[in-house]
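Colleague: Okay, here's the structure, questions in a sec.
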Amino acid sequence: MKPKEARKLTVTLIIVGFVVMLMGYFHGAFFALGACVSFAALIPNFLFYRCPHCGRYLGRSDGAFCQHCGERLEE
Ligand SMILES: [Zn+2]
């Protein structure tokens with residue numbers, strides 16, 4: 001998985017989780033489910049949001065270059 005795809009998946013899961021959490025207004029179980037989905041969103045982020053060159057975690061950086069080795073993230 002490419003870093004950009006991992007970032008996209010993470011953002012999508014967080015949004016879905018947030019929407020489900022809002023549904024917790026109607027039923028408490030939705031809130032717990034949404035919290036789980038949002039938390040699970042961090043897993044692909046930690047596993048795949050890494051530099052393909054040096055393998056280090058990119059953190060909150062959203063730039064086109066790795067802040068550790070300076071290599072381009074997109075080819
Ligand atoms: Zn790097």
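By order in the structure tokens, chains are A, B, ...; within a chain, residues start at 1; ligands start at 1, following the order shown.
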Can you pull out the residues contacting Val11 in chain A? Cut-off 10 Å, using only C-alpha atoms, and skip same-chain residues under 3 positions away; I want them as number ranges by chain.

Modeller: A: 5-8, 14-17, 38, 41-42, 45

Colleague: Assign secondary structure with DSSP using the backbone only, and return the residues of range 1-66 of chain A in alpha helix (DSSP H) as an NGL selection string.

Modeller: :A and (3-22 or 28-40 or 42-48)

Colleague: Could you list the protein, DNA and RNA residues that have any atom within 12 Å of ligand 1, counting only C-alpha atoms and all ligand atoms, and write them as a PyMOL selection string?

Modeller: chain A and resi 3+49-59+61+63-74

Colleague: Quick one: of A:Tyr25, A:Phe39, A:Phe48, A:Phe18, who's nearest to Lys4 in chain A, counting only C-alpha atoms?

Modeller: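 Of all the options, A:Phe48 lies closest to Lys4 in chain A.
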